[in-house]
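A.B. asks: So here's entry23.tsv, just TSV, C-alpha atoms:
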```tsv
chain	number	residue	atom	x	y	z
A	240	MET	CA	0.00	0.00	0.00
A	241	CYS	CA	1.31	3.40	-0.83
A	242	PRO	CA	1.52	5.96	1.99
A	243	HIS	CA	0.20	9.47	1.74
A	244	VAL	CA	2.90	11.70	0.30
A	245	LEU	CA	3.54	15.23	1.54
A	246	ILE	CA	5.58	17.56	-0.70
A	247	PRO	CA	6.61	20.84	0.95
A	248	TYR	CA	6.79	23.60	-1.67
A	249	LYS	CA	7.60	27.30	-1.68
A	250	PRO	CA	6.15	28.94	-4.82
A	251	VAL	CA	7.37	32.51	-4.08
A	252	ASN	CA	11.07	33.47	-4.26
A	253	PRO	CA	12.41	29.89	-4.11
A	254	LYS	CA	15.94	28.64	-4.81
A	255	THR	CA	17.74	31.82	-3.84
A	256	ARG	CA	21.14	30.12	-4.17
A	257	LEU	CA	20.51	30.06	-7.92
A	258	SER	CA	19.97	33.84	-8.04
A	259	SER	CA	23.21	34.47	-9.90
A	260	LEU	CA	21.96	32.28	-12.75
A	261	LEU	CA	18.17	32.74	-12.76
A	262	ASP	CA	16.01	35.80	-12.14
A	263	LEU	CA	13.02	35.67	-9.80
A	264	ALA	CA	10.44	34.67	-12.42
A	265	GLU	CA	12.79	31.98	-13.76
A	266	ARG	CA	13.47	30.60	-10.29
A	267	GLU	CA	9.74	30.36	-9.63
A	268	ALA	CA	9.08	28.63	-12.97
A	269	PHE	CA	12.02	26.28	-12.39
A	270	ALA	CA	10.83	25.35	-8.88
A	271	ARG	CA	7.38	24.66	-10.30
A	272	ALA	CA	8.82	22.45	-13.05
A	273	MET	CA	10.80	20.49	-10.44
A	274	LEU	CA	7.64	20.10	-8.35
A	275	ASP	CA	5.83	18.75	-11.40
A	276	ASP	CA	8.62	16.21	-11.96
A	277	VAL	CA	8.39	15.05	-8.33
A	278	ILE	CA	4.58	14.79	-8.56
A	279	PHE	CA	4.95	12.75	-11.76
A	280	ALA	CA	7.32	10.30	-10.04
A	281	VAL	CA	5.07	10.02	-6.97
A	282	LYS	CA	2.01	9.29	-9.12
A	283	ASP	CA	4.06	6.87	-11.24
A	284	ALA	CA	4.72	4.94	-8.01
A	285	ASN	CA	0.92	4.83	-7.55
A	286	CYS	CA	1.04	7.20	-4.58
A	287	SER	CA	-1.15	10.25	-3.95
A	288	PRO	CA	0.74	13.52	-3.55
A	289	VAL	CA	-0.44	16.39	-1.36
A	290	VAL	CA	1.51	19.61	-1.82
A	291	VAL	CA	2.11	21.58	1.39
A	292	ALA	CA	2.60	25.08	0.01
A	293	THR	CA	3.38	28.40	1.62
A	294	GLU	CA	1.02	30.15	-0.83
A	295	LEU	CA	-1.94	29.06	-2.91
A	296	TYR	CA	-0.67	28.43	-6.45
A	297	ASP	CA	-2.49	27.85	-9.69
A	298	SER	CA	-2.80	24.12	-10.36
A	299	GLU	CA	-5.05	21.11	-10.06
A	300	ASP	CA	-2.71	19.51	-7.52
A	301	ILE	CA	-4.20	18.66	-4.14
A	302	GLN	CA	-2.74	21.35	-1.91
A	303	ILE	CA	-2.70	22.44	1.69
A	304	THR	CA	-1.79	26.09	2.11
A	305	VAL	CA	0.02	26.99	5.30
A	306	GLU	CA	0.51	30.51	6.53
A	307	ASP	CA	3.63	29.76	8.47
A	308	ALA	CA	6.74	29.38	6.33
A	309	ASP	CA	8.49	27.39	9.07
A	310	LEU	CA	8.71	23.92	7.56
A	311	ASN	CA	9.37	22.20	10.87
A	312	LYS	CA	6.43	23.81	12.64
A	313	THR	CA	4.11	23.08	9.73
A	314	LEU	CA	5.03	19.41	9.46
A	315	ASN	CA	5.16	18.86	13.20
A	316	GLU	CA	1.54	19.99	13.39
A	317	ILE	CA	0.53	17.55	10.64
A	318	LEU	CA	2.49	14.47	11.83
A	319	PRO	CA	0.50	13.80	15.05
A	320	THR	CA	-2.73	13.71	13.02
A	321	ALA	CA	-1.51	11.00	10.61
A	322	VAL	CA	-3.40	7.73	10.92
A	323	SER	CA	-1.50	5.87	8.18
A	324	PRO	CA	2.10	5.72	6.91
A	325	LEU	CA	3.49	8.95	5.54
A	326	LEU	CA	6.16	9.89	3.04
A	327	ILE	CA	7.67	13.36	3.06
A	328	ILE	CA	9.58	14.21	-0.10
A	329	MET	CA	11.16	17.52	-1.05
A	330	ALA	CA	10.01	19.39	-4.16
A	331	ASP	CA	13.54	19.94	-5.55
A	332	LEU	CA	14.30	16.35	-6.53
A	333	PRO	CA	13.67	16.32	-10.28
A	334	LEU	CA	15.66	13.10	-10.78
A	335	ALA	CA	13.17	11.20	-8.60
A	336	ASP	CA	11.59	8.19	-10.24
A	337	ALA	CA	8.99	5.61	-9.27
A	338	GLN	CA	11.57	2.89	-8.76
A	339	ALA	CA	13.48	4.92	-6.16
A	340	ILE	CA	10.27	5.90	-4.34
A	341	ARG	CA	9.18	2.27	-4.27
A	342	ARG	CA	12.51	1.26	-2.72
A	343	VAL	CA	11.90	3.79	0.06
A	344	ILE	CA	8.38	2.66	0.90
A	345	ALA	CA	9.38	-1.03	0.68
A	346	THR	CA	11.50	-0.64	3.83
A	347	GLU	CA	10.83	-3.13	6.61
A	348	LYS	CA	11.99	-0.62	9.22
A	349	ASP	CA	9.87	1.92	11.10
A	350	VAL	CA	11.55	4.79	9.29
A	351	ALA	CA	13.51	5.20	6.04
A	352	PHE	CA	15.63	8.22	5.13
A	353	VAL	CA	17.26	9.40	1.95
A	354	PRO	CA	19.93	11.95	2.85
A	355	GLY	CA	20.38	15.05	0.74
A	356	ARG	CA	23.62	16.48	-0.56
A	357	GLY	CA	25.41	18.44	2.18
A	358	GLY	CA	23.96	16.80	5.28
A	359	GLY	CA	20.25	17.37	4.63
A	360	THR	CA	17.30	14.99	4.49
A	361	ASN	CA	15.43	14.67	1.20
A	362	VAL	CA	12.95	11.88	1.87
A	363	ILE	CA	11.46	10.48	5.08
A	364	PHE	CA	9.15	7.48	5.25
A	365	LEU	CA	7.27	7.08	8.53
A	366	ARG	CA	5.30	3.94	9.29
A	367	ASP	CA	3.82	5.67	12.34
A	368	ALA	CA	4.22	9.42	11.95
A	369	GLN	CA	2.84	10.13	15.42
A	370	LYS	CA	6.07	8.86	16.98
A	371	PHE	CA	8.37	11.16	15.01
A	372	HIS	CA	9.02	14.85	14.58
A	373	VAL	CA	11.10	16.59	11.95
A	374	ASP	CA	14.03	18.98	12.37
A	375	TYR	CA	15.03	20.23	8.93
A	376	TYR	CA	17.82	22.69	8.01
A	377	GLY	CA	21.56	22.27	8.62
A	378	ALA	CA	22.80	18.75	9.33
A	379	SER	CA	19.26	17.42	9.46
A	380	PHE	CA	20.12	13.86	8.46
A	381	GLN	CA	22.11	13.37	11.66
A	382	LYS	CA	19.37	15.08	13.67
A	383	HIS	CA	16.69	12.82	12.16
A	384	VAL	CA	18.72	9.69	12.88
A	385	LYS	CA	19.00	10.84	16.49
A	386	ILE	CA	15.25	11.57	16.73
A	387	ALA	CA	14.46	8.06	15.42
A	388	GLY	CA	16.86	6.53	17.93
A	389	GLU	CA	15.44	8.46	20.86
A	390	ALA	CA	11.92	7.37	19.86
A	391	GLY	CA	13.01	3.72	19.74
A	392	LEU	CA	12.31	3.50	16.01
A	393	SER	CA	14.32	1.26	13.68
A	394	TRP	CA	15.56	3.05	10.58
A	395	GLU	CA	17.26	2.49	7.26
A	396	LEU	CA	19.17	4.68	4.81
A	397	ILE	CA	17.95	4.16	1.25
A	398	ASP	CA	20.87	4.42	-1.15
A	399	SER	CA	19.60	6.48	-4.11
A	400	PHE	CA	21.44	9.24	-5.93
A	401	ARG	CA	18.21	10.20	-7.70
A	402	LEU	CA	16.66	11.13	-4.36
A	403	HIS	CA	19.97	12.35	-2.88
A	404	THR	CA	20.44	14.98	-5.59
A	405	ASP	CA	18.58	18.09	-4.46
A	406	ILE	CA	18.95	21.02	-6.82
A	407	ASP	CA	20.18	24.05	-4.88
A	408	GLU	CA	23.41	25.24	-6.48
A	409	LYS	CA	24.95	25.73	-9.90
A	410	GLU	CA	26.88	22.43	-9.76
A	411	ASP	CA	23.63	20.55	-9.17
A	412	LEU	CA	22.27	21.70	-12.54
A	413	VAL	CA	24.87	19.44	-14.17
A	414	GLU	CA	23.19	16.41	-12.64
A	415	LEU	CA	19.82	17.52	-13.99
A	416	LEU	CA	21.19	18.08	-17.50
A	417	VAL	CA	22.93	14.68	-17.48
A	418	HIS	CA	20.28	12.52	-15.78
A	419	GLY	CA	16.98	14.42	-15.95
A	420	SER	CA	14.17	13.56	-18.34
A	421	GLY	CA	11.25	15.73	-17.23
A	422	LYS	CA	9.93	19.28	-17.30
A	423	SER	CA	12.69	20.90	-15.26
A	424	ARG	CA	15.44	19.69	-17.55
A	425	ALA	CA	13.46	20.89	-20.57
A	426	TYR	CA	12.94	24.25	-18.86
A	427	LEU	CA	16.67	24.68	-18.18
A	428	GLU	CA	17.45	23.84	-21.79
A	429	SER	CA	14.81	26.32	-22.98
A	430	LEU	CA	16.71	29.00	-21.04
A	431	GLY	CA	19.92	28.14	-22.88
A	432	PHE	CA	21.68	26.01	-20.28
A	433	ARG	CA	24.09	23.45	-21.68
A	434	LEU	CA	26.82	21.20	-20.33
A	435	ALA	CA	30.32	22.63	-20.59
A	436	GLU	CA	33.43	20.49	-20.46
A	437	ASN	CA	36.22	21.71	-18.22
A	438	GLU	CA	39.03	20.00	-16.44
A	439	GLY	CA	37.66	17.60	-13.86
A	440	ARG	CA	33.92	17.64	-13.54
A	441	VAL	CA	31.56	18.86	-16.19
A	442	SER	CA	29.93	22.23	-15.46
A	443	VAL	CA	27.06	24.23	-16.96
A	444	GLU	CA	26.97	27.40	-18.99
A	445	ARG	CA	24.10	29.60	-20.10
A	446	ARG	CA	24.32	30.67	-23.71
A	447	ARG	CA	21.60	33.30	-23.73
B	75	MET	CA	29.13	-15.44	-9.11
B	76	CYS	CA	31.17	-12.38	-8.43
B	77	PRO	CA	33.08	-10.85	-11.34
B	78	HIS	CA	36.72	-9.91	-11.20
B	79	VAL	CA	37.02	-6.37	-9.90
B	80	LEU	CA	39.53	-3.87	-11.27
B	81	ILE	CA	40.31	-0.79	-9.17
B	82	PRO	CA	42.39	1.87	-10.95
B	83	TYR	CA	44.59	3.68	-8.44
B	84	LYS	CA	47.16	6.48	-8.59
B	85	PRO	CA	49.40	6.35	-5.49
B	86	VAL	CA	51.60	9.35	-6.40
B	87	ASN	CA	50.29	12.95	-6.33
B	88	PRO	CA	46.58	12.00	-6.36
B	89	LYS	CA	43.54	14.20	-5.69
B	90	THR	CA	45.11	17.46	-6.82
B	91	ARG	CA	41.77	19.29	-6.50
B	92	LEU	CA	42.15	18.88	-2.72
B	93	SER	CA	45.57	20.59	-2.75
B	94	SER	CA	44.26	23.69	-0.98
B	95	LEU	CA	43.26	21.53	2.00
B	96	LEU	CA	45.78	18.69	2.06
B	97	ASP	CA	49.52	18.64	1.36
B	98	LEU	CA	51.08	16.02	-0.91
B	99	ALA	CA	51.78	13.43	1.81
B	100	GLU	CA	48.27	13.88	3.19
B	101	ARG	CA	46.68	13.50	-0.23
B	102	GLU	CA	48.61	10.29	-0.79
B	103	ALA	CA	47.62	8.90	2.62
B	104	PHE	CA	44.01	9.93	2.05
B	105	ALA	CA	43.86	8.29	-1.39
B	106	ARG	CA	45.30	5.11	0.12
B	107	ALA	CA	42.71	5.15	2.92
B	108	MET	CA	39.92	5.55	0.35
B	109	LEU	CA	41.35	2.64	-1.67
B	110	ASP	CA	41.35	0.51	1.49
B	111	ASP	CA	37.68	1.38	2.06
B	112	VAL	CA	36.79	0.39	-1.50
B	113	ILE	CA	38.77	-2.88	-1.19
B	114	PHE	CA	36.94	-3.62	2.07
B	115	ALA	CA	33.54	-3.14	0.40
B	116	VAL	CA	34.54	-5.28	-2.61
B	117	LYS	CA	35.74	-8.12	-0.37
B	118	ASP	CA	32.63	-7.74	1.81
B	119	ALA	CA	30.60	-8.41	-1.37
B	120	ASN	CA	32.68	-11.61	-1.76
B	121	CYS	CA	34.51	-10.28	-4.81
B	122	SER	CA	38.24	-10.36	-5.50
B	123	PRO	CA	39.84	-6.96	-6.07
B	124	VAL	CA	42.80	-6.36	-8.35
B	125	VAL	CA	44.35	-2.91	-8.05
B	126	VAL	CA	45.55	-1.42	-11.32
B	127	ALA	CA	48.17	1.04	-10.10
B	128	THR	CA	50.40	3.52	-11.85
B	129	GLU	CA	53.24	2.68	-9.43
B	130	LEU	CA	54.09	-0.30	-7.25
B	131	TYR	CA	52.92	0.53	-3.73
B	132	ASP	CA	53.53	-1.17	-0.42
B	133	SER	CA	50.67	-3.54	0.39
B	134	GLU	CA	49.49	-7.12	0.24
B	135	ASP	CA	46.78	-6.21	-2.27
B	136	ILE	CA	46.88	-8.03	-5.58
B	137	GLN	CA	48.21	-5.38	-7.95
B	138	ILE	CA	49.00	-4.88	-11.58
B	139	THR	CA	51.46	-2.06	-12.16
B	140	VAL	CA	51.09	-0.20	-15.42
B	141	GLU	CA	53.68	2.16	-16.79
B	142	ASP	CA	51.23	4.21	-18.74
B	143	ALA	CA	49.19	6.65	-16.67
B	144	ASP	CA	46.51	6.85	-19.37
B	145	LEU	CA	43.57	5.09	-17.73
B	146	ASN	CA	41.71	4.53	-20.98
B	147	LYS	CA	44.69	2.98	-22.76
B	148	THR	CA	45.48	0.76	-19.78
B	149	LEU	CA	41.95	-0.57	-19.39
B	150	ASN	CA	41.35	-0.92	-23.11
B	151	GLU	CA	44.36	-3.24	-23.27
B	152	ILE	CA	42.98	-5.37	-20.41
B	153	LEU	CA	39.33	-5.58	-21.52
B	154	PRO	CA	39.84	-7.69	-24.68
B	155	THR	CA	41.65	-10.31	-22.58
B	156	ALA	CA	38.80	-10.78	-20.09
B	157	VAL	CA	37.18	-14.20	-20.23
B	158	SER	CA	34.63	-13.62	-17.46
B	159	PRO	CA	32.46	-10.69	-16.26
B	160	LEU	CA	34.34	-7.65	-15.03
B	161	LEU	CA	33.61	-4.84	-12.63
B	162	ILE	CA	35.60	-1.60	-12.81
B	163	ILE	CA	35.26	0.56	-9.72
B	164	MET	CA	37.09	3.79	-8.93
B	165	ALA	CA	39.34	4.04	-5.86
B	166	ASP	CA	37.81	7.29	-4.58
B	167	LEU	CA	34.44	5.90	-3.46
B	168	PRO	CA	34.86	5.50	0.28
B	169	LEU	CA	31.08	5.33	0.87
B	170	ALA	CA	30.91	2.11	-1.19
B	171	ASP	CA	29.37	-0.83	0.60
B	172	ALA	CA	28.72	-4.48	-0.22
B	173	GLN	CA	25.01	-3.93	-0.69
B	174	ALA	CA	25.53	-1.32	-3.40
B	175	ILE	CA	28.14	-3.45	-5.18
B	176	ARG	CA	25.78	-6.43	-5.09
B	177	ARG	CA	23.03	-4.32	-6.68
B	178	VAL	CA	25.41	-3.49	-9.55
B	179	ILE	CA	26.47	-7.07	-10.27
B	180	ALA	CA	22.87	-8.33	-9.93
B	181	THR	CA	21.92	-6.49	-13.14
B	182	GLU	CA	20.22	-8.57	-15.79
B	183	LYS	CA	21.55	-6.29	-18.53
B	184	ASP	CA	24.81	-6.65	-20.45
B	185	VAL	CA	26.25	-3.56	-18.79
B	186	ALA	CA	25.53	-1.60	-15.59
B	187	PHE	CA	26.79	1.90	-14.85
B	188	VAL	CA	26.90	4.03	-11.75
B	189	PRO	CA	27.43	7.65	-12.79
B	190	GLY	CA	29.75	9.87	-10.81
B	191	ARG	CA	29.11	13.39	-9.64
B	192	GLY	CA	29.63	15.88	-12.47
B	193	GLY	CA	29.05	13.63	-15.48
B	194	GLY	CA	31.65	10.94	-14.80
B	195	THR	CA	31.41	7.16	-14.50
B	196	ASN	CA	32.28	5.57	-11.17
B	197	VAL	CA	31.39	1.92	-11.67
B	198	ILE	CA	31.04	-0.23	-14.80
B	199	PHE	CA	29.90	-3.85	-14.81
B	200	LEU	CA	30.58	-5.73	-18.02
B	201	ARG	CA	29.13	-9.18	-18.63
B	202	ASP	CA	31.33	-9.52	-21.71
B	203	ALA	CA	34.18	-7.04	-21.49
B	204	GLN	CA	35.48	-7.91	-24.95
B	205	LYS	CA	32.56	-6.05	-26.52
B	206	PHE	CA	33.17	-2.76	-24.68
B	207	HIS	CA	35.82	-0.09	-24.41
B	208	VAL	CA	36.12	2.70	-21.88
B	209	ASP	CA	36.38	6.44	-22.46
B	210	TYR	CA	36.91	8.12	-19.09
B	211	TYR	CA	37.34	11.86	-18.32
B	212	GLY	CA	34.84	14.65	-19.00
B	213	ALA	CA	31.23	13.63	-19.59
B	214	SER	CA	32.17	9.96	-19.60
B	215	PHE	CA	28.78	8.68	-18.48
B	216	GLN	CA	27.17	9.90	-21.69
B	217	LYS	CA	30.11	8.55	-23.71
B	218	HIS	CA	29.82	5.13	-22.07
B	219	VAL	CA	26.07	4.97	-22.70
B	220	LYS	CA	26.80	5.72	-26.36
B	221	ILE	CA	29.51	3.06	-26.55
B	222	ALA	CA	27.14	0.45	-25.09
B	223	GLY	CA	24.45	1.44	-27.58
B	224	GLU	CA	26.79	1.26	-30.56
B	225	ALA	CA	27.93	-2.20	-29.46
B	226	GLY	CA	24.31	-3.40	-29.23
B	227	LEU	CA	24.62	-3.95	-25.46
B	228	SER	CA	21.67	-3.49	-23.11
B	229	TRP	CA	22.50	-1.33	-20.09
B	230	GLU	CA	21.12	-0.12	-16.79
B	231	LEU	CA	21.87	2.79	-14.48
B	232	ILE	CA	22.22	1.63	-10.86
B	233	ASP	CA	20.81	4.28	-8.54
B	234	SER	CA	23.27	4.53	-5.63
B	235	PHE	CA	24.52	7.68	-3.95
B	236	ARG	CA	27.19	5.64	-2.14
B	237	LEU	CA	28.78	4.77	-5.49
B	238	HIS	CA	27.87	8.13	-7.09
B	239	THR	CA	29.79	10.13	-4.49
B	240	ASP	CA	33.39	10.33	-5.68
B	241	ILE	CA	35.61	12.40	-3.45
B	242	ASP	CA	37.36	15.06	-5.52
B	243	GLU	CA	36.52	18.45	-4.04
B	244	LYS	CA	36.10	20.12	-0.67
B	245	GLU	CA	32.29	19.82	-0.72
B	246	ASP	CA	32.61	16.04	-1.19
B	247	LEU	CA	34.38	15.72	2.16
B	248	VAL	CA	31.08	16.64	3.82
B	249	GLU	CA	29.53	13.46	2.45
B	250	LEU	CA	32.40	11.39	3.82
B	251	LEU	CA	32.14	12.96	7.28
B	252	VAL	CA	28.36	12.45	7.36
B	253	HIS	CA	28.07	8.99	5.79
B	254	GLY	CA	31.52	7.37	5.97
B	255	SER	CA	32.47	4.67	8.43
B	256	GLY	CA	35.89	3.47	7.30
B	257	LYS	CA	39.55	4.41	7.27
B	258	SER	CA	39.27	7.52	5.12
B	259	ARG	CA	36.73	9.19	7.38
B	260	ALA	CA	38.91	8.36	10.40
B	261	TYR	CA	41.93	9.78	8.58
B	262	LEU	CA	40.15	13.06	7.80
B	263	GLU	CA	39.06	13.36	11.42
B	264	SER	CA	42.64	12.67	12.58
B	265	LEU	CA	43.72	15.67	10.51
B	266	GLY	CA	41.21	17.88	12.31
B	267	PHE	CA	38.40	18.00	9.74
B	268	ARG	CA	34.95	18.58	11.19
B	269	LEU	CA	31.51	19.48	9.85
B	270	ALA	CA	30.70	23.17	9.99
B	271	GLU	CA	27.16	24.51	9.88
B	272	ASN	CA	26.54	27.39	7.52
B	273	GLU	CA	23.49	28.67	5.76
B	274	GLY	CA	22.24	26.09	3.32
B	275	ARG	CA	24.39	23.01	3.09
B	276	VAL	CA	26.83	21.88	5.73
B	277	SER	CA	30.50	22.43	4.89
B	278	VAL	CA	33.81	21.27	6.38
B	279	GLU	CA	36.49	23.10	8.29
B	280	ARG	CA	39.96	22.04	9.37
B	281	ARG	CA	40.78	22.96	12.94
B	282	ARG	CA	44.49	22.21	12.91
```
As a first step, turn the structure in this file into structure tokens.
C.D. replies:
Amino acid sequence: MCPHVLIPYKPVNPKTRLSSLLDLAEREAFARAMLDDVIFAVKDANCSPVVVATELYDSEDIQITVEDADLNKTLNEILPTAVSPLLIIMADLPLADAQAIRRVIATEKDVAFVPGRGGGTNVIFLRDAQKFHVDYYGASFQKHVKIAGEAGLSWELIDSFRLHTDIDEKEDLVELLVHGSGKSRAYLESLGFRLAENEGRVSVERRR
Amino acid sequence: MCPHVLIPYKPVNPKTRLSSLLDLAEREAFARAMLDDVIFAVKDANCSPVVVATELYDSEDIQITVEDADLNKTLNEILPTAVSPLLIIMADLPLADAQAIRRVIATEKDVAFVPGRGGGTNVIFLRDAQKFHVDYYGASFQKHVKIAGEAGLSWELIDSFRLHTDIDEKEDLVELLVHGSGKSRAYLESLGFRLAENEGRVSVERRR
């Protein structure tokens, strides 16, 4: 059975660490395209996404609008009300696919995590959400492992680079241009972004 | 059955993109510690590692020493001689574990790839190595996919962040300090490296 899936999403002024590459309108369109890619993957895994957004936005997605932009406070008010398993997945994971999501929810543990790049937490599966609370920002993966331990919950790390690769910084766009196949990759390409070969790792350049 | 495992390794002046953080002797010791972590994971998956090194180095590892430092030339001379399946895994993947390696060699395709960060290729499984040749450096993942296609070989991308995370740059050290459990993490910590919380992603600092 697929759990309910919560997708936190900030439609207004998102992805500020990409400001040197994308203007405000482009960052908002890009964040929306990434959200659409995540929703596609969630539905492809036969799960039902609910977007937890800081503002009402124009779409047919099922959305909860929250006034408070504090992600932890918002989710920690929702978690105690959950009566079935819950998956929390970030909206900036455009490489997500159904196979990776299925590996997460197939865990036999109480909790499954996919860490994000740079110490964060990109995906959390909770068999019983009432026993857990979230503490995002900073080294949240280590904090979440500690919270699970203190609650006596067994946990597992799911080893997926598709769900590990959150798109926050210029270098991350390389991963999207190499491995992406959805709307957000197409949007970047429509803006003129291309791979550029340098010494060492490949980077990106914007040609217009 | 486990394939033979080749691990290319450069003992002298490795990891030059870490030169601002580590001096030459430290880079060499760090590269060796990462190699040891990869060898541990390979053996833990019940496979037999063979290190393909540019210089003879002091160890009891089974090693082939090659005079030519050109990785492509070296491997493309070995591949046509292979009579059984082959796994090629880079030496800078200290988050590798047996479970991830087993997922690679369990592929039902002719070839399995794990892409590296920034367009590279970290792991290649070849059921019949005589039909393939390697083309590392730059956007090698895309090149390898093309080579497989041109040879009529079916292929699969194995979704693992443990094998995706090659350690080349300062930001990569964060991943090792968060998720590592072997010699190379211990070595970094012995040098005084610690996680440092900033805005956004966690970074590293060296305290001595």
A.B. asks: Compute the set of chain A residues within 8 Å of chain B, using all atoms listed in the file, and express it as a list in words.
C.D. replies: Ala339, Arg356, Gly357, Gly358, Gly359, Tyr376, Gly377, Ala378, Gln381, Asp398, Ser399, Phe400, Arg401, His403, Glu410, Val413, Glu414, Val417, Glu436, Asn437, Glu438, Gly439, Arg440, Val441 and Ser442 of chain A
A.B. asks: Give me, as a ChimeraX atom specification, all polymer residues having an atom no more than 10 Å from Val208 of chain B, counting all atoms listed in the file and skipping those fewer than 6 positions away in the same chain.
C.D. replies: /B:145-150,153,195,198,214,217-218,221-222
A.B. asks: Box time for segment 259-278 of chain A: axis-aligned, enclosing all its listed atoms, 4 Å extra on each side; report centre and edge lengths in Å to one decimal, as JSON.
C.D. replies:
```
{"center_x": 13.9, "center_y": 25.3, "center_z": -11.0, "size_x": 26.6, "size_y": 29.0, "size_z": 13.4}
```
A.B. asks: One decimal, Å: what's the distance from atom CA of Glu230 of chain B over to atom CA of Phe199 of chain B, could you say?
C.D. replies: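 So the two atoms, atom CA of Glu230 of chain B and atom CA of Phe199 of chain B, lie 9.7 Å apart.
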A.B. asks: Neighbouring residues of Glu182 of chain B were defined as those with any atom within 10 Å, considering only C-alpha atoms; residues of the same chain fewer than 5 positions away were excluded. Please report them as a count of residues only.
C.D. replies: 4
A.B. asks: Do you know which residues are at most 12 Å from Leu427 of chain A counting all atoms listed in the file, after dropping those on the same chain fewer than 5 positions away, and could you put them as a ChimeraX atom specification?
C.D. replies: /A:260-261,265-266,268-270,272-273,333,409,412-417,419-422,432-434,443-447
A.B. asks: Just C-alpha atoms for this one: save the residues we selected as a PDB file, in the coordinates of the input.
C.D. replies:
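Below is the file that was written, again03.pdb:
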```pdb
ATOM      1  CA  LEU A 260      21.960  32.280 -12.750  1.00  0.00           C
ATOM      2  CA  LEU A 261      18.170  32.740 -12.760  1.00  0.00           C
ATOM      3  CA  GLU A 265      12.790  31.980 -13.760  1.00  0.00           C
ATOM      4  CA  ARG A 266      13.470  30.600 -10.290  1.00  0.00           C
ATOM      5  CA  ALA A 268       9.080  28.630 -12.970  1.00  0.00           C
ATOM      6  CA  PHE A 269      12.020  26.280 -12.390  1.00  0.00           C
ATOM      7  CA  ALA A 270      10.830  25.350  -8.880  1.00  0.00           C
ATOM      8  CA  ALA A 272       8.820  22.450 -13.050  1.00  0.00           C
ATOM      9  CA  MET A 273      10.800  20.490 -10.440  1.00  0.00           C
ATOM     10  CA  PRO A 333      13.670  16.320 -10.280  1.00  0.00           C
ATOM     11  CA  LYS A 409      24.950  25.730  -9.900  1.00  0.00           C
ATOM     12  CA  LEU A 412      22.270  21.700 -12.540  1.00  0.00           C
ATOM     13  CA  VAL A 413      24.870  19.440 -14.170  1.00  0.00           C
ATOM     14  CA  GLU A 414      23.190  16.410 -12.640  1.00  0.00           C
ATOM     15  CA  LEU A 415      19.820  17.520 -13.990  1.00  0.00           C
ATOM     16  CA  LEU A 416      21.190  18.080 -17.500  1.00  0.00           C
ATOM     17  CA  VAL A 417      22.930  14.680 -17.480  1.00  0.00           C
ATOM     18  CA  GLY A 419      16.980  14.420 -15.950  1.00  0.00           C
ATOM     19  CA  SER A 420      14.170  13.560 -18.340  1.00  0.00           C
ATOM     20  CA  GLY A 421      11.250  15.730 -17.230  1.00  0.00           C
ATOM     21  CA  LYS A 422       9.930  19.280 -17.300  1.00  0.00           C
ATOM     22  CA  PHE A 432      21.680  26.010 -20.280  1.00  0.00           C
ATOM     23  CA  ARG A 433      24.090  23.450 -21.680  1.00  0.00           C
ATOM     24  CA  LEU A 434      26.820  21.200 -20.330  1.00  0.00           C
ATOM     25  CA  VAL A 443      27.060  24.230 -16.960  1.00  0.00           C
ATOM     26  CA  GLU A 444      26.970  27.400 -18.990  1.00  0.00           C
ATOM     27  CA  ARG A 445      24.100  29.600 -20.100  1.00  0.00           C
ATOM     28  CA  ARG A 446      24.320  30.670 -23.710  1.00  0.00           C
ATOM     29  CA  ARG A 447      21.600  33.300 -23.730  1.00  0.00           C
TER      30      ARG A 447
END
```
A.B. asks: Take atom CA of Pro253 of chain A and atom CA of Lys282 of chain A and report the distance between them in Å, one decimal.
C.D. replies: 23.6 Å
A.B. asks: Quick one: residues within 12 Å of Asp144 of chain B, all atoms listed in the file counted, chain neighbours fewer than 6 positions away excluded, as JSON, numbers by chain?
C.D. replies: {"B": [82, 83, 84, 126, 127, 128, 150, 151, 208, 209, 210, 211]}
A.B. asks: So what do you get for atom CA of Tyr261 of chain B versus atom CA of Phe352 of chain A, distance-wise?
C.D. replies: 26.6 Å
A.B. asks: When distances are computed from all atoms listed in the file, which of B:Thr181, B:Ser264, B:Thr139, B:Thr90 shows the smallest separation from Cys76 of chain B?
C.D. replies: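 For Cys76 of chain B, the nearest of the given residues is B:Thr181.
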